[in-house]
Amino acid sequence: IEKDALIISTLLKVSNSAMFGFRSKVETPSRAINLLGVNFTISIAIGGTVQNLLQANLDPYGISTDDFMDASNLASSLVNLWVAKIDYDLKEELLLPALLQETGKFIVADVIATDGKTDDFKKAYLSDYAAAEKEFVGKTTAEITADIFRHWKLSDNLIHAIEFVDNLKDCPEEFSQKAKILHVIKTACEITDPLSDANCEKAIAKAKEFGFNTKDLAKAFDTLQTRLLDAM
């Protein structure tokens with residue numbers, strides 16, 4: 001990590017962000033790793049590298065790459081706060097999928113912008129992101145992300161946990177719980193308005209539908225929203 005300036009800058013930016021609320025400034029990679037933990041650090045490092053590889057204009061979604069990274073990091077923080085209450089090992093498995101599940105949006109945005117359909121897409125996605133993506137590029141973000149990671153020969157766990165987030169009814173049973181958790185997290189951390197009251201309410205409704213403990217989820221939302229407010 002210390003040999004890669006991009007990873008160091010990403011790691012320090014995340015460590016000093018409002019979502020963690022550490023009392024003192026984090027200025028070295030070693031302190032960041034001590035505070036965040038090894039697996040979370042690895043997730044941040046891989047996530048930053050992947051996003052850099054797929055750098056593109058996200059204007060069709062009306063956000064910047066920094067907005068995207070902030071939403072992705074909030075998703076990982078939500079895994080730490082909520083999924084750890086469900087199962088610690090499951091939390092470790094879902095840190096990276098939660099961080100990376102929206103990666104396909106870089107591809108979607110590039111295709112839409114290249115085709116000159118940005119304005120049409122912005123109107124269409126207001127009601128349903130996945131449906132708009134399917135209409136304009138033929139696949140949802142989740143499916144495209146899974147295709148990217150399959151091409152890169154990443155783990156089946158990472159691929160399948162993400163692939164069925166927008167198609168839970170066809171998800172293999174062994175990945176069902178993970179896909180449902182990622183669906184809840186994706187709902188709450190929707191990239192244009194992450195952790196808004198409306199999105200958190202939708203996520204809690206989804207979690208209740210899936211049979212998850214909504215009390216722990218609501219507490220995680222409160223914690224993250226408080227940290228964000230304190231940083232303003």
# chains A, B, ... in the order shown; residues from 1 in each chain; ligands from 1
>>> residues_around(residues="Thr187 (chain A)", least_positions_apart="6", cutoff="8 Å", atoms="only C-alpha atoms", output="list of chain:residue names")
A:Asn199, A:Cys200, A:Lys202, A:Ala203
>>> closest_atom_pairs(of="region 44-77 of chain A", to="region 178-183 of chain A", cutoff="12 Å", atoms="only C-alpha atoms", output="tab-separated table")
residue	atom	partner	partner_atom	distance
A:Ser72	CA	A:Leu182	CA	11.7
A:Ala75	CA	A:Leu182	CA	8.9
A:Ser76	CA	A:Leu182	CA	10.2
>>> write_last_selection(atoms="N, CA, C and O atoms", output="PDB file, in the first residue's frame")
ATOM      1  N   SER A  72     -20.182   4.679  -2.272  1.00  0.00           N
ATOM      2  CA  SER A  72     -19.623   3.327  -2.168  1.00  0.00           C
ATOM      3  C   SER A  72     -19.013   3.095  -0.791  1.00  0.00           C
ATOM      4  O   SER A  72     -19.185   2.020  -0.193  1.00  0.00           O
ATOM      5  N   ALA A  75     -21.598   2.525   1.759  1.00  0.00           N
ATOM      6  CA  ALA A  75     -22.107   1.157   1.665  1.00  0.00           C
ATOM      7  C   ALA A  75     -21.236   0.201   2.466  1.00  0.00           C
ATOM      8  O   ALA A  75     -21.734  -0.673   3.192  1.00  0.00           O
ATOM      9  N   SER A  76     -19.912   0.358   2.358  1.00  0.00           N
ATOM     10  CA  SER A  76     -19.003  -0.491   3.132  1.00  0.00           C
ATOM     11  C   SER A  76     -19.135  -0.231   4.627  1.00  0.00           C
ATOM     12  O   SER A  76     -19.092  -1.160   5.442  1.00  0.00           O
TER      13      SER A  76
END
>>> closest_residue(among="A:Asp87, A:Glu102, A:Asp128, A:Asp222", to="Ala142 (chain A)", atoms="only C-alpha atoms")
A:Glu102
>>> residues_around(residues="Asp119 (chain A)", least_positions_apart="3", cutoff="12 Å", atoms="only C-alpha atoms", output="ChimeraX atom specification")
/A:59-62,109,112-113,115-116,122-126,136
>>> atom_distance(atom1="CA of Ala32 (chain A)", atom2="CA of Leu90 (chain A)")
22.6 Å
>>> residues_around(residues="Glu143 (chain A)", least_positions_apart="3", cutoff="12 Å", atoms="only C-alpha atoms", output="ChimeraX atom specification")
/A:101-105,107-108,130,133-134,137-140,146-150,159-167
>>> atom_distance(atom1="CA of Thr214 (chain A)", atom2="CA of Asp70 (chain A)")
23.6 Å
>>> closest_residue(among="A:Pro29, A:Lys13, A:Ile86, A:Leu95", to="Met69 (chain A)", atoms="only C-alpha atoms")
A:Lys13
>>> residues_around(residues="region 190-196 of chain A", least_positions_apart="6", cutoff="7 Å", atoms="only C-alpha atoms", output="VMD selection string")
chain A and resid 63 68 71
>>> write_last_selection(atoms="all heavy atoms", output="PDB file, in the first residue's frame")
ATOM      1  N   ILE A  63     -23.938  12.789 -11.129  1.00  0.00           N
ATOM      2  CA  ILE A  63     -23.011  12.802  -9.998  1.00  0.00           C
ATOM      3  C   ILE A  63     -21.574  12.865 -10.501  1.00  0.00           C
ATOM      4  O   ILE A  63     -21.299  12.638 -11.684  1.00  0.00           O
ATOM      5  CB  ILE A  63     -23.175  11.555  -9.111  1.00  0.00           C
ATOM      6  CG1 ILE A  63     -22.853  10.278  -9.915  1.00  0.00           C
ATOM      7  CG2 ILE A  63     -24.561  11.480  -8.504  1.00  0.00           C
ATOM      8  CD1 ILE A  63     -22.727   9.037  -9.060  1.00  0.00           C
ATOM      9  N   PHE A  68     -19.657   9.291  -6.260  1.00  0.00           N
ATOM     10  CA  PHE A  68     -19.752   7.836  -6.399  1.00  0.00           C
ATOM     11  C   PHE A  68     -18.933   7.146  -5.322  1.00  0.00           C
ATOM     12  O   PHE A  68     -19.400   6.205  -4.670  1.00  0.00           O
ATOM     13  CB  PHE A  68     -19.254   7.415  -7.783  1.00  0.00           C
ATOM     14  CG  PHE A  68     -19.332   5.936  -8.044  1.00  0.00           C
ATOM     15  CD1 PHE A  68     -20.470   5.372  -8.599  1.00  0.00           C
ATOM     16  CD2 PHE A  68     -18.277   5.095  -7.717  1.00  0.00           C
ATOM     17  CE1 PHE A  68     -20.551   4.003  -8.821  1.00  0.00           C
ATOM     18  CE2 PHE A  68     -18.349   3.731  -7.930  1.00  0.00           C
ATOM     19  CZ  PHE A  68     -19.493   3.183  -8.498  1.00  0.00           C
ATOM     20  N   ALA A  71     -20.571   7.411  -1.861  1.00  0.00           N
ATOM     21  CA  ALA A  71     -21.703   6.489  -1.713  1.00  0.00           C
ATOM     22  C   ALA A  71     -21.211   5.059  -1.528  1.00  0.00           C
ATOM     23  O   ALA A  71     -21.750   4.301  -0.707  1.00  0.00           O
ATOM     24  CB  ALA A  71     -22.620   6.585  -2.932  1.00  0.00           C
TER      25      ALA A  71
END
>>> atom_distance(atom1="CA of Ala84 (chain A)", atom2="CA of Ala218 (chain A)")
13.9 Å
>>> select_by_dssp(residues="region 59-212 of chain A", states="alpha helix (DSSP H)", output="PyMOL selection string")
chain A and resi 65-78+84-86+88-100+105-114+118-124+129-137+141-151+156-163+173-188+197-210
>>> closest_residue(among="A:Trp82, A:Tyr88, A:Trp152, A:Phe175", to="Ile204 (chain A)", atoms="only C-alpha atoms")
A:Trp82
>>> residues_around(residues="Glu92 (chain A)", least_positions_apart="4", cutoff="10 Å", atoms="only C-alpha atoms", output="list in words")
Asn39, Phe40, Ser43, Val79, Asn80, Val83, Ala84, Asp87, Tyr88, Leu96 and Pro97 of chain A
>>> residues_around(residues="Ile7 (chain A)", least_positions_apart="5", cutoff="7 Å", atoms="only C-alpha atoms", output="list in words")
Ile1, Ala45 and Gly48 of chain A
>>> write_last_selection(atoms="C-alpha atoms", output="PDB file, in the first residue's frame")
ATOM      1  CA  ILE A   1       0.000   0.000   0.000  1.00  0.00           C
ATOM      2  CA  ALA A  45      -7.520  -0.397  -1.865  1.00  0.00           C
ATOM      3  CA  GLY A  48     -10.062   2.650  -5.427  1.00  0.00           C
TER       4      GLY A  48
END
